[in-house]
Every structure is written in C-alpha cells, then in structure tokens.
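Trainee: One file: start_24.txt (compact mmCIF, C-alpha atoms).
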# COMPACT_ATOMS: atom_id res chain seq x y z
CA MET A 96 22.85 10.63 19.79
CA ALA A 97 25.19 8.61 17.58
CA SER A 98 27.58 11.54 17.10
CA LEU A 99 27.70 12.15 20.85
CA LEU A 100 28.66 8.54 21.48
CA ARG A 101 31.39 8.69 18.84
CA ALA A 102 32.76 11.77 20.57
CA ALA A 103 32.77 9.89 23.87
CA VAL A 104 34.82 7.10 22.29
CA THR A 105 37.33 9.64 21.03
CA TRP A 106 37.68 11.07 24.51
CA GLY A 107 38.42 7.61 25.87
CA LEU A 108 35.29 7.10 27.95
CA PHE A 109 34.50 3.84 26.17
CA PRO A 110 37.78 2.46 24.80
CA TRP A 111 36.66 -0.54 22.74
CA ARG A 112 40.10 -2.12 22.82
CA GLY A 113 40.36 -3.92 26.12
CA TYR A 114 36.62 -3.43 26.60
CA CYS A 115 35.86 -6.39 24.40
CA SER A 116 34.89 -9.73 25.94
CA ARG A 117 36.70 -12.52 24.08
CA GLY A 118 35.54 -15.43 26.15
CA THR A 119 33.25 -16.90 23.54
CA GLN A 120 35.64 -16.95 20.59
CA GLY A 121 37.30 -20.04 19.22
CA LYS A 122 34.55 -22.54 19.82
CA LEU A 123 33.68 -23.06 16.14
CA SER A 124 35.56 -25.87 14.46
CA THR A 125 37.77 -25.39 11.45
CA ASP A 126 35.49 -27.66 9.46
CA PHE A 127 32.50 -25.47 10.30
CA VAL A 128 34.31 -22.32 9.15
CA GLU A 129 35.33 -24.08 5.95
CA THR A 130 31.69 -25.00 5.35
CA LEU A 131 30.78 -21.31 5.73
CA LYS A 132 33.41 -20.48 3.11
CA ALA A 133 31.89 -23.07 0.78
CA VAL A 134 28.56 -21.23 1.02
CA VAL A 135 29.70 -17.61 0.51
CA GLY A 136 33.27 -17.93 -0.75
CA SER A 137 36.53 -17.59 1.21
CA PRO A 138 36.91 -13.81 0.64
CA HIS A 139 33.57 -13.31 2.38
CA VAL A 140 34.47 -15.02 5.67
CA SER A 141 36.69 -13.53 8.37
CA THR A 142 37.95 -14.59 11.79
CA ALA A 143 40.40 -11.70 12.12
CA ALA A 144 40.35 -10.22 15.62
CA SER A 145 39.88 -6.65 14.39
CA VAL A 146 36.92 -7.66 12.23
CA LEU A 147 35.30 -9.59 15.05
CA GLU A 148 35.78 -6.65 17.40
CA GLN A 149 34.21 -4.28 14.87
CA HIS A 150 31.14 -6.49 14.69
CA GLY A 151 30.82 -6.98 18.44
CA HIS A 152 29.38 -3.57 19.26
CA ASP A 153 27.24 -0.76 17.91
CA GLU A 154 27.09 2.94 18.84
CA SER A 155 25.80 2.20 22.34
CA MET A 156 27.64 1.99 25.66
CA HIS A 157 27.14 -1.77 25.87
CA ARG A 158 30.29 -3.86 26.20
CA CYS A 159 31.70 -5.28 22.99
CA GLN A 160 30.88 -8.97 22.63
CA PRO A 161 32.34 -10.22 19.35
CA PRO A 162 31.15 -13.15 17.26
CA ASP A 163 33.36 -16.12 16.41
CA VAL A 164 33.23 -15.47 12.67
CA VAL A 165 31.81 -12.85 10.29
CA VAL A 166 30.33 -13.75 6.90
CA TRP A 167 29.14 -11.53 4.05
CA PRO A 168 26.44 -13.28 1.98
CA GLN A 169 25.70 -11.97 -1.50
CA ASN A 170 22.08 -13.06 -1.88
CA VAL A 171 19.10 -14.45 -0.02
CA GLU A 172 19.87 -18.02 -1.08
CA GLN A 173 23.20 -17.81 0.74
CA VAL A 174 21.52 -16.33 3.82
CA SER A 175 19.11 -19.25 3.78
CA GLN A 176 21.95 -21.77 3.53
CA LEU A 177 23.85 -20.06 6.35
CA ALA A 178 20.79 -20.07 8.61
CA ALA A 179 20.12 -23.74 7.92
CA LEU A 180 23.74 -24.65 8.60
CA CYS A 181 23.97 -22.68 11.86
CA TYR A 182 20.63 -23.89 13.12
CA SER A 183 21.48 -27.52 12.45
CA GLN A 184 24.67 -27.14 14.50
CA ASN A 185 23.11 -25.02 17.31
CA VAL A 186 25.32 -22.06 16.43
CA PRO A 187 23.94 -18.58 17.28
CA ILE A 188 23.21 -16.20 14.39
CA ILE A 189 23.57 -12.42 14.71
CA PRO A 190 22.55 -10.13 11.80
CA PHE A 191 24.56 -6.95 11.18
CA GLY A 192 23.61 -3.91 9.10
CA THR A 193 25.59 -0.69 9.54
CA GLY A 194 26.24 -0.98 13.27
CA THR A 195 24.51 2.31 14.08
CA GLY A 196 22.11 0.84 16.65
CA LEU A 197 21.92 2.19 20.18
CA GLU A 198 20.88 -0.83 22.22
CA GLY A 199 23.60 -3.41 21.71
CA GLY A 200 21.48 -5.37 19.29
CA VAL A 201 24.50 -6.70 17.36
CA CYS A 202 26.46 -7.92 20.39
CA ALA A 203 27.21 -11.64 20.09
CA VAL A 204 26.30 -12.54 23.67
CA GLN A 205 26.94 -16.25 23.04
CA GLY A 206 29.40 -15.91 20.19
CA GLY A 207 28.38 -17.50 16.91
CA VAL A 208 28.17 -16.33 13.31
CA CYS A 209 27.66 -12.68 12.47
CA ILE A 210 25.90 -12.28 9.11
CA ASN A 211 26.90 -8.90 7.70
CA LEU A 212 24.31 -7.86 5.11
CA THR A 213 26.08 -4.84 3.64
CA HIS A 214 27.04 -6.70 0.44
CA MET A 215 23.34 -7.22 -0.26
CA ASP A 216 22.80 -3.61 -1.20
CA ARG A 217 20.99 -3.73 -4.53
CA ILE A 218 17.76 -1.93 -5.35
CA LEU A 219 15.91 -4.62 -7.25
CA GLU A 220 12.76 -2.91 -8.50
CA LEU A 221 11.33 0.62 -8.47
CA ASN A 222 7.63 1.17 -9.21
CA PRO A 223 6.99 4.93 -9.16
CA GLU A 224 3.37 4.46 -10.22
CA ASP A 225 2.75 2.36 -7.09
CA PHE A 226 5.04 4.36 -4.79
CA SER A 227 6.93 1.17 -4.00
CA VAL A 228 10.46 -0.18 -4.24
CA VAL A 229 12.01 -3.60 -3.65
CA VAL A 230 15.39 -3.51 -1.93
CA GLU A 231 17.95 -5.87 -0.47
CA PRO A 232 18.52 -5.58 3.29
CA GLY A 233 21.87 -3.79 3.10
CA VAL A 234 20.52 -0.74 1.27
CA THR A 235 20.75 2.35 3.48
CA ARG A 236 18.12 5.07 3.64
CA LYS A 237 20.41 7.66 2.02
CA ALA A 238 21.33 5.31 -0.81
CA LEU A 239 17.65 4.63 -1.43
CA ASN A 240 16.79 8.32 -1.54
CA THR A 241 19.65 9.00 -3.94
CA TYR A 242 18.35 6.24 -6.21
CA VAL A 243 14.71 7.36 -6.25
CA ARG A 244 15.36 11.11 -6.37
CA ASP A 245 14.87 11.47 -10.12
CA SER A 246 11.49 9.72 -9.93
CA GLY A 247 10.08 12.48 -7.75
CA LEU A 248 9.72 10.12 -4.78
CA TRP A 249 11.55 9.90 -1.47
CA PHE A 250 11.76 7.56 1.50
CA PRO A 251 10.64 9.57 4.52
CA VAL A 252 11.77 7.56 7.55
CA ASP A 253 14.79 9.42 8.95
CA PRO A 254 16.17 8.18 12.29
CA GLY A 255 19.28 10.37 11.95
CA ALA A 256 21.93 7.78 11.18
CA ASP A 257 22.38 6.44 7.65
CA ALA A 258 21.09 3.09 8.84
CA SER A 259 20.42 0.01 6.75
CA LEU A 260 16.79 -0.60 5.90
CA CYS A 261 16.96 -4.08 7.45
CA GLY A 262 18.09 -2.60 10.74
CA MET A 263 15.43 0.09 10.56
CA ALA A 264 12.77 -2.56 9.98
CA ALA A 265 14.11 -4.65 12.86
CA THR A 266 13.85 -1.77 15.34
CA GLY A 267 10.70 -0.16 13.91
CA ALA A 268 12.63 3.05 13.24
CA SER A 269 10.92 6.38 13.62
CA GLY A 270 12.37 9.83 12.94
CA THR A 271 11.87 13.48 12.18
CA ASN A 272 9.18 12.93 9.53
CA THR A 273 7.06 10.50 11.53
CA VAL A 274 4.25 12.89 12.43
CA ARG A 275 3.20 13.05 8.78
CA TYR A 276 4.69 9.99 7.09
CA GLY A 277 4.76 7.38 9.84
CA THR A 278 7.39 4.91 11.04
CA MET A 279 8.90 1.87 9.33
CA ARG A 280 5.76 -0.03 10.34
CA ASP A 281 3.75 2.29 8.09
CA ASN A 282 6.18 2.23 5.16
CA VAL A 283 7.05 -1.47 4.81
CA LEU A 284 4.60 -3.46 2.71
CA ASN A 285 6.26 -6.87 2.74
CA LEU A 286 9.28 -8.64 4.16
CA GLU A 287 11.16 -11.66 2.86
CA VAL A 288 12.25 -13.37 6.07
CA VAL A 289 14.77 -16.17 6.47
CA LEU A 290 13.48 -18.33 9.32
CA PRO A 291 15.88 -20.10 11.72
CA GLY A 292 15.94 -23.34 9.73
CA GLY A 293 16.57 -21.51 6.45
CA ARG A 294 13.02 -21.49 5.09
CA LEU A 295 11.80 -18.31 3.37
CA LEU A 296 8.69 -16.50 4.57
CA HIS A 297 7.05 -13.59 2.75
CA THR A 298 5.02 -11.76 5.36
CA ALA A 299 2.46 -10.47 2.85
CA GLY A 300 2.69 -13.20 0.20
CA GLN A 301 5.17 -13.37 -2.67
CA SER A 302 3.69 -10.88 -4.88
CA ARG A 303 0.61 -6.87 -3.49
CA HIS A 304 -11.81 -0.12 -20.66
CA PHE A 305 -15.17 1.58 -19.77
CA ARG A 306 -15.24 5.02 -18.28
CA VAL A 307 -14.11 3.21 -15.16
CA GLN A 308 -10.72 3.76 -16.75
CA ALA A 309 -11.08 7.56 -16.57
CA ALA A 310 -12.05 7.52 -12.90
CA VAL A 311 -9.31 5.14 -11.81
CA ASP A 312 -6.62 6.74 -13.98
CA SER A 313 -7.56 10.02 -12.35
CA THR A 314 -7.02 8.44 -8.93
CA ILE A 315 -3.54 7.27 -9.88
CA HIS A 316 -2.51 10.59 -11.40
CA ILE A 317 -3.89 12.61 -8.48
CA LEU A 318 -1.86 10.54 -6.05
CA GLN A 319 1.24 10.69 -8.22
CA ALA A 320 0.91 14.46 -8.41
CA ALA A 321 1.04 14.54 -4.59
CA VAL A 322 -2.27 16.36 -4.33
CA PRO A 323 -3.07 16.07 -0.58
CA VAL A 324 -6.41 14.30 -0.82
CA ALA A 325 -8.08 13.72 2.56
CA ARG A 326 -10.64 11.14 1.33
CA ILE A 327 -11.15 9.39 -1.97
CA GLU A 328 -13.74 6.78 -2.98
CA PHE A 329 -14.72 5.16 -6.26
CA LEU A 330 -18.35 4.28 -7.06
CA ASP A 331 -19.28 2.61 -10.34
CA ASP A 332 -22.41 3.40 -12.36
CA VAL A 333 -24.52 0.71 -10.68
CA THR A 334 -23.61 2.06 -7.24
CA MET A 335 -24.36 5.64 -8.26
CA ASP A 336 -27.78 4.61 -9.59
CA ALA A 337 -28.55 2.75 -6.37
CA CYS A 338 -27.40 5.69 -4.21
CA ASN A 339 -29.51 8.13 -6.22
CA LYS A 340 -32.59 6.04 -5.54
CA TYR A 341 -31.87 5.14 -1.92
CA SER A 342 -30.46 8.45 -0.68
CA ASN A 343 -32.42 10.85 -2.90
CA LEU A 344 -29.40 12.16 -4.78
CA ASN A 345 -29.38 13.57 -8.27
CA CYS A 346 -25.91 12.57 -9.43
CA SER A 347 -24.90 11.38 -12.88
CA VAL A 348 -25.21 7.62 -13.30
CA ALA A 349 -21.58 7.07 -14.26
CA PRO A 350 -18.36 5.83 -12.62
CA THR A 351 -17.63 8.53 -10.07
CA LEU A 352 -14.89 9.64 -7.69
CA PHE A 353 -15.77 11.21 -4.36
CA LEU A 354 -12.88 13.38 -3.16
CA GLU A 355 -12.48 15.54 -0.08
CA PHE A 356 -9.78 18.13 0.55
CA HIS A 357 -8.74 19.95 3.72
CA GLY A 358 -6.77 23.18 4.11
CA SER A 359 -6.85 26.95 3.81
CA GLU A 360 -8.89 28.66 1.11
CA GLN A 361 -5.79 29.24 -0.99
CA ALA A 362 -4.59 25.67 -0.58
CA LEU A 363 -8.04 24.30 -1.40
CA ALA A 364 -8.26 26.42 -4.56
CA GLU A 365 -4.91 25.06 -5.75
CA GLN A 366 -5.87 21.47 -4.96
CA LEU A 367 -9.21 21.75 -6.72
CA GLN A 368 -7.67 23.31 -9.81
CA ARG A 369 -4.99 20.62 -10.09
CA THR A 370 -7.48 17.81 -9.49
CA GLU A 371 -9.93 19.14 -12.07
CA GLU A 372 -7.13 19.40 -14.66
CA ILE A 373 -6.15 15.77 -14.02
CA ALA A 374 -9.73 14.49 -14.13
CA LEU A 375 -10.54 16.31 -17.38
CA TYR A 376 -7.27 15.13 -18.91
CA ASN A 377 -8.35 11.54 -18.18
CA GLY A 378 -11.73 11.98 -19.83
CA ALA A 379 -14.03 12.96 -16.96
CA SER A 380 -17.39 14.15 -18.26
CA HIS A 381 -17.96 16.79 -15.61
CA PHE A 382 -16.73 18.09 -12.29
CA SER A 383 -18.78 19.43 -9.37
CA TRP A 384 -18.10 20.50 -5.79
CA ALA A 385 -20.01 20.47 -2.52
CA LYS A 386 -18.56 23.17 -0.26
CA GLU A 387 -21.23 23.38 2.40
CA ALA A 388 -21.02 20.98 5.34
CA GLU A 389 -24.60 19.78 4.84
CA GLN A 390 -23.98 18.91 1.18
CA ARG A 391 -20.76 17.09 2.03
CA SER A 392 -22.45 15.13 4.78
CA GLN A 393 -25.25 14.09 2.41
CA LEU A 394 -22.77 12.73 -0.14
CA TRP A 395 -20.72 10.80 2.40
CA ALA A 396 -23.85 9.46 4.07
CA ALA A 397 -24.93 8.13 0.67
CA ARG A 398 -21.55 6.41 0.29
CA HIS A 399 -21.75 4.90 3.77
CA ASN A 400 -25.24 3.59 2.98
CA ALA A 401 -24.16 2.14 -0.37
CA TRP A 402 -24.45 -1.44 0.97
CA TYR A 403 -28.12 -0.96 1.80
CA ALA A 404 -28.72 0.98 -1.42
CA ILE A 405 -27.39 -1.92 -3.47
CA LEU A 406 -29.35 -4.48 -1.47
CA ALA A 407 -32.48 -2.48 -2.30
CA LEU A 408 -31.90 -3.23 -6.00
CA ARG A 409 -33.07 -6.83 -5.37
CA PRO A 410 -35.30 -7.00 -2.27
CA GLY A 411 -35.06 -10.33 -0.47
CA CYS A 412 -31.53 -11.05 -1.63
CA LYS A 413 -28.42 -11.27 0.51
CA GLY A 414 -25.19 -9.41 -0.15
CA TYR A 415 -21.72 -10.87 -0.62
CA ALA A 416 -18.73 -8.51 -0.65
CA THR A 417 -15.34 -9.21 -2.18
CA ASP A 418 -12.33 -7.40 -0.75
CA VAL A 419 -9.27 -7.53 -2.99
CA CYS A 420 -6.47 -4.99 -3.02
CA VAL A 421 -3.87 -4.48 -5.77
CA PRO A 422 -1.05 -2.02 -6.51
CA ILE A 423 -2.77 1.16 -7.65
CA SER A 424 -1.14 0.98 -11.07
CA ARG A 425 -3.04 -2.27 -11.69
CA LEU A 426 -6.43 -0.88 -10.62
CA PRO A 427 -7.63 0.04 -14.14
CA GLU A 428 -6.77 -3.43 -15.43
CA ILE A 429 -8.50 -5.38 -12.69
CA LEU A 430 -11.55 -3.10 -12.47
CA VAL A 431 -12.22 -3.26 -16.19
CA GLN A 432 -11.83 -7.05 -16.19
CA THR A 433 -14.03 -7.36 -13.11
CA LYS A 434 -16.74 -5.30 -14.76
CA GLU A 435 -16.63 -7.58 -17.79
CA ASP A 436 -16.73 -10.68 -15.56
CA LEU A 437 -19.80 -9.34 -13.74
CA LYS A 438 -21.61 -8.87 -17.03
CA ALA A 439 -20.62 -12.32 -18.30
CA SER A 440 -21.64 -14.07 -15.07
CA GLY A 441 -25.15 -12.66 -15.01
CA ILE A 442 -24.67 -11.71 -11.35
CA THR A 443 -26.18 -8.45 -10.13
CA GLY A 444 -23.33 -6.54 -8.57
CA ALA A 445 -21.79 -3.14 -8.03
CA ILE A 446 -18.27 -1.88 -7.35
CA VAL A 447 -17.10 0.57 -4.70
CA GLY A 448 -13.57 1.16 -3.53
CA HIS A 449 -11.19 2.89 -1.17
CA VAL A 450 -9.03 3.24 -4.24
CA GLY A 451 -6.39 5.43 -2.63
CA ASP A 452 -4.64 2.23 -1.55
CA GLY A 453 -5.84 -0.07 -4.34
CA ASN A 454 -8.69 -1.64 -2.34
CA PHE A 455 -12.14 -2.17 -3.86
CA HIS A 456 -15.26 -4.24 -3.23
CA CYS A 457 -17.71 -6.01 -5.49
CA LEU A 458 -21.07 -6.04 -3.74
CA LEU A 459 -22.85 -9.07 -5.17
CA LEU A 460 -26.55 -9.83 -4.75
CA VAL A 461 -27.53 -13.46 -4.34
CA ASP A 462 -30.78 -15.28 -3.76
CA PRO A 463 -30.10 -17.54 -0.73
CA GLU A 464 -32.56 -20.10 -2.13
CA ASP A 465 -30.87 -20.30 -5.54
CA ALA A 466 -28.08 -22.87 -5.33
CA ASP A 467 -26.85 -22.14 -8.86
CA GLU A 468 -26.55 -18.42 -8.16
CA ILE A 469 -24.72 -19.07 -4.88
CA HIS A 470 -22.26 -21.26 -6.79
CA ARG A 471 -21.70 -18.60 -9.46
CA VAL A 472 -21.05 -15.95 -6.80
CA LYS A 473 -18.48 -18.15 -5.07
CA VAL A 474 -16.73 -18.94 -8.36
CA PHE A 475 -16.68 -15.25 -9.25
CA ALA A 476 -15.25 -14.27 -5.84
CA HIS A 477 -12.47 -16.86 -5.98
CA GLN A 478 -11.62 -15.92 -9.55
CA LEU A 479 -11.34 -12.28 -8.53
CA GLY A 480 -9.15 -13.17 -5.55
CA ARG A 481 -6.78 -15.18 -7.72
CA ARG A 482 -6.63 -12.36 -10.28
CA ALA A 483 -5.62 -9.96 -7.50
CA LEU A 484 -2.88 -12.36 -6.37
CA ALA A 485 -1.60 -12.63 -9.94
CA LEU A 486 -1.30 -8.83 -10.02
CA ARG A 487 0.80 -8.91 -6.82
CA GLY A 488 -2.10 -7.91 -4.63
CA THR A 489 -3.96 -9.56 -1.77
CA CYS A 490 -7.24 -11.41 -1.41
CA THR A 491 -8.25 -9.16 1.49
CA GLY A 492 -7.65 -5.46 1.82
CA GLU A 493 -9.58 -4.97 5.06
CA HIS A 494 -12.35 -7.54 5.69
CA GLY A 495 -10.08 -10.37 6.78
CA ILE A 496 -10.14 -14.10 5.97
CA GLY A 497 -13.04 -15.43 8.05
CA LEU A 498 -14.74 -18.43 6.46
CA GLY A 499 -14.75 -17.46 2.81
CA LYS A 500 -11.09 -16.87 1.97
CA ARG A 501 -9.25 -19.71 3.66
CA GLN A 502 -8.16 -21.31 0.37
CA LEU A 503 -7.09 -17.95 -1.04
CA LEU A 504 -5.02 -17.29 2.09
CA GLN A 505 -3.09 -20.50 1.51
CA GLU A 506 -2.45 -19.49 -2.08
CA GLU A 507 -1.34 -16.02 -0.99
CA VAL A 508 1.10 -16.79 1.84
CA GLY A 509 2.20 -20.29 0.84
CA THR A 510 3.01 -23.37 2.89
CA VAL A 511 5.70 -21.74 5.01
CA GLY A 512 3.46 -18.82 5.84
CA MET A 513 0.61 -21.09 6.89
CA GLU A 514 2.89 -23.29 9.00
CA THR A 515 4.32 -20.22 10.73
CA MET A 516 0.85 -18.94 11.57
CA TRP A 517 -0.15 -22.37 12.84
CA GLN A 518 2.88 -22.38 15.14
CA LEU A 519 1.96 -18.95 16.53
CA LYS A 520 -1.65 -20.05 16.96
CA ALA A 521 -0.60 -23.20 18.81
CA THR A 522 1.66 -21.20 21.13
CA LEU A 523 -0.99 -18.64 22.07
CA ASP A 524 -4.03 -20.95 21.91
CA PRO A 525 -2.83 -24.53 22.49
CA ARG A 526 -6.39 -25.80 23.05
CA GLY A 527 -7.71 -24.20 19.85
CA LEU A 528 -10.61 -22.50 21.60
CA MET A 529 -10.14 -18.93 20.36
CA ASN A 530 -12.62 -18.41 17.51
CA PRO A 531 -11.95 -21.88 16.01
CA GLY A 532 -12.60 -22.83 12.39
CA LYS A 533 -11.78 -19.51 10.79
CA MET A 534 -8.59 -18.64 8.96
CA LEU A 535 -6.61 -21.44 10.66
What is this structure when it is put down as structure tokens?
Mentor:
Amino acid sequence: MASLLRAAVTWGLFPWRGYCSRGTQGKLSTDFVETLKAVVGSPHVSTAASVLEQHGHDESMHRCQPPDVVVWPQNVEQVSQLAALCYSQNVPIIPFGTGTGLEGGVCAVQGGVCINLTHMDRILELNPEDFSVVVEPGVTRKALNTYVRDSGLWFPVDPGADASLCGMAATGASGTNTVRYGTMRDNVLNLEVVLPGGRLLHTAGQSRHFRVQAAVDSTIHILQAAVPVARIEFLDDVTMDACNKYSNLNCSVAPTLFLEFHGSEQALAEQLQRTEEIALYNGASHFSWAKEAEQRSQLWAARHNAWYAILALRPGCKGYATDVCVPISRLPEILVQTKEDLKASGITGAIVGHVGDGNFHCLLLVDPEDADEIHRVKVFAHQLGRRALALRGTCTGEHGIGLGKRQLLQEEVGTVGMETMWQLKATLDPRGLMNPGKML
C-alpha cells in the first residue's frame, strides 16, 4: 500500500507542494520556541518550511497539515519536559515516528509541536533468556531484527513498512506473521508513557536449588530451543503426592513437568527427542510419555483437580493461592527461594505453575480458626509478591487484584499508575457503584 501511494505522488496525483495547509503556522511565540531549544538544544528544533511540510503528512491521501515547529528529543526526560511545557501553554503535541502511517495520524490539525522520536533509536537491553528487549520509541522493526539476529531471536510483527516501534504500538500493527505470532498487542509487555502533563506512566510497572531447578531449567531451555510445546505445567513434589492420592495416579513424587505436543508423527518424534535430551541434560531422573487419549486426559484431569487434591491434604482447611509471574529466566531463583520460605514458615503448601510464561501459584492451606496461621499466610503471600516485583515481575499473573493484592498493586504501578486508573474509573463509574472496594 505504501509503495502504491508513493507511486501516485510521483505521478502527480497528490502533489504535496501546494497541497499543504499553512493556516495554523506562526502562532507560537519566539520565546516559546526558544524555550523548546533550551530543552533539546538548538540543533534539534526546526521551523523551516520544508521540515514542517515533511512532518505534516504520512503516506496517506490526507491533506498535509504541518505543525508550527518540529523538535527531536534525545531521551525520555526531554520528552517529559516538552510535554509539560506544551500542556501548560495549551499547545498541541503531535508525535512522529517514520511517517509511514496510512490514516493521517501525524497531521497537525491544530498546528502545535511535532515531537520527532527518530533520534531516540537505542536498543537499551536485550534478554535472550526471557525473549524480551527494551527499546526506545524510534527503533524500527528492521533495525531491531538486525540487532537481535545473532541471538537466534526475531521480532515477528511485520506490517510491510519499516515502521518505528512506537508507531506500530500506537496503531496496534498487525502483519504477515500475525496468524502465528500475533499483533503488537501480543508482543508488547510494557510501555513507558509520557502523559500530557509530563508525568511518566509504566503500564505494567517499572520492572516483569532442589530438583525444582532441573524442572524449571528444562522449561527455559525447551522454550529457548523453540520446541513447539502446546502445553506445559510445573508441579512440585507436594502437588504430585497429592495428585497421586486424589486422582489415583502412580507418578514419581518429585518436581515434575507436564508437557503436551501436537503435530505429525515425524514432528512429534523430533520434538520428543529434543525435549528428552534437554530434560536429561538438566538432571531429570526419568522421562515417560502418555500417547493414548485416555492416558493424556487422566493426567490433565489430575492437574485440573490439583486444587482439590491439595485441600485434601488437610481436611477442614481453606486454600489461599498466590499468583506471581516473573521473567522465565528468574523462575529457578524465585521457586527455590519460595520452597525454602514455605519450609521455614511452617505453612503447608504446594507449588504449581503455568511456567511457560513465568507464572506459578503457591497453594497454601490455612485453618480459618487459627489467627496466627492466617497472619503467617498473609505475610508469606506479600513477601512473595514483593520478591516477584524485585525480579521485574508482577504480583498477579492471572488471578487479578481483588481484595488481597491492593497494596502490592500500588507498589507495582506506582502513584502515577494508580492516579491514572482512578481517573479512568471516575470517568466510567462516577458514582463508584461498579464492584466497589476492590482494586481501586
């Protein structure tokens, strides 16, 4: 689509010169422009007509509407200062990536300051073991893939144009690989957002051995080897013992991985061989397969009934489940420490996890009439949540905040995050009647 539009420009169907509305230019004072220069430096501010025209349109047919000034910040602190300055003076702000959009998203309809983010093009941190990378907004998808190529990873979202990642996030870009790898929505873990007044918001918070080690290390290496696992679950020794008793299994009482693979017979044979090699390399004691549908169903039914199996270990007790999630490279560390904390606390508990994404649960048994035990369970749960946050994880992988994690939510998203959520809540539910008293 983009190439077709460029061809149309060449043929003169959309001549940008003379097609550019200049009615909004010139309304910013000299003092204001000088203040912009004080923030980013004079070389990074332009009011040249050709520059303004370049930033007043994208690849679409929409009429060019240029900004009054273009600035090129070098870091997020400068973006924050620019936003605060513009907002305080009621000056419109228009972000600009590579200009490859197709809906006129960069047109300065009311003039204002165009913030060109292409100078913020550094790749700040690559974590191959977690399949994650931290980038500045001006990095393009091709530049990212060139950078990560030697790690064996790639960024799959491909909308066609060599767009900036900030622009792709803004439009929820899709592309040719979406059917398998998803859109930008599926591939972005966290955003650092500059709000209109200049405050910074991190949408997911600022940061996400026993034979447990063998099982979890195997998980990490299987994923890193790109073995196409369909399902993967971790069950510790306590869980396996409970499942044996409750579901009439005869499995080894040891930390265990349940894995399921899909595919042709040849593909399955290759996947099983590679997985077995990885597991044995990491110290697995033995390896067994259930190929028949009835056997598979029995194993997964036992996993799905693990909650009730663990409750059966102490009849009359209630269950409390934690729900932290950490980068998968930190799973061995936090699981081993959690196991030690369980032993030290004297709490009866087991661990299960959807460890493919770093999420696991401690299922803790508590006597509802024992105030001391209830207190110890709460202390344990909050300690685990804070440990997950320290490892750049989250206090909730899937269960949500509810009543029990309100303090941890504040610690995770910070004051700005909480205030932003309160503002959204007040807009949608001004009377505070929608499920009151929970996370907000």
Trainee: Could you check the closest approach to Gly277 in chain A for each of A:Asp253, A:Gly262, A:Cys202, A:Glu371 and tell me which residue wins, using all atoms listed in the file?
Mentor: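 When distances to Gly277 in chain A are compared using all atoms listed in the file, the smallest one comes from A:Asp253.
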Trainee: From the set A:Arg482, A:His494, A:Arg409, A:His214, which residue has the shortest atom-to-atom contact distance to Val461 in chain A, counting all atoms listed in the file?
Mentor: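 Ranked by minimum distance to Val461 in chain A, first place goes to A:Arg409.
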Trainee: Restricting the calculation to only C-alpha atoms, which member of A:Ile373, A:Ala299, A:Val186, A:Leu147 is positioned closest to Thr491 in chain A?
Mentor: A:Ala299
Trainee: Return the single residue from A:Ala407, A:Val311, A:Leu504, A:Leu426 that is closest to Ala379 in chain A, with distances computed using only C-alpha atoms.
Mentor: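 So, comparing all the options, the nearest one is A:Val311.
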Trainee: Any chance you could tabulate, as JSON lines, the residues of range 441-490 of chain A at most 7 Å from range 321-339 of chain A with each one's nearest atom pair and distance in Å to one decimal, using only C-alpha atoms, in chain and rising number order?
Mentor:
{"residue": "A:Ala445", "atom": "CA", "partner": "A:Val333", "partner_atom": "CA", "distance": 5.4}
{"residue": "A:Ile446", "atom": "CA", "partner": "A:Asp331", "partner_atom": "CA", "distance": 5.5}
{"residue": "A:Val447", "atom": "CA", "partner": "A:Leu330", "partner_atom": "CA", "distance": 4.6}
{"residue": "A:Gly448", "atom": "CA", "partner": "A:Phe329", "partner_atom": "CA", "distance": 5.0}
{"residue": "A:His449", "atom": "CA", "partner": "A:Glu328", "partner_atom": "CA", "distance": 5.0}
{"residue": "A:Val450", "atom": "CA", "partner": "A:Glu328", "partner_atom": "CA", "distance": 6.0}
{"residue": "A:Gly451", "atom": "CA", "partner": "A:Ile327", "partner_atom": "CA", "distance": 6.2}
Trainee: What's the 10 Å shell around Gly499 in chain A, counting all atoms listed in the file, without same-chain residues fewer than 5 positions away, as a PyMOL selection string?
Mentor: chain A and resi 417+473+476-477+504+533-534
Trainee: Please provide as a ChimeraX atom specification all residues within 10 Å of Ala264 in chain A, with the sequence filter that same-chain residues fewer than 5 positions apart are discarded (counting all atoms listed in the file).
Mentor: /A:232,259,269,278-280,282-283,286
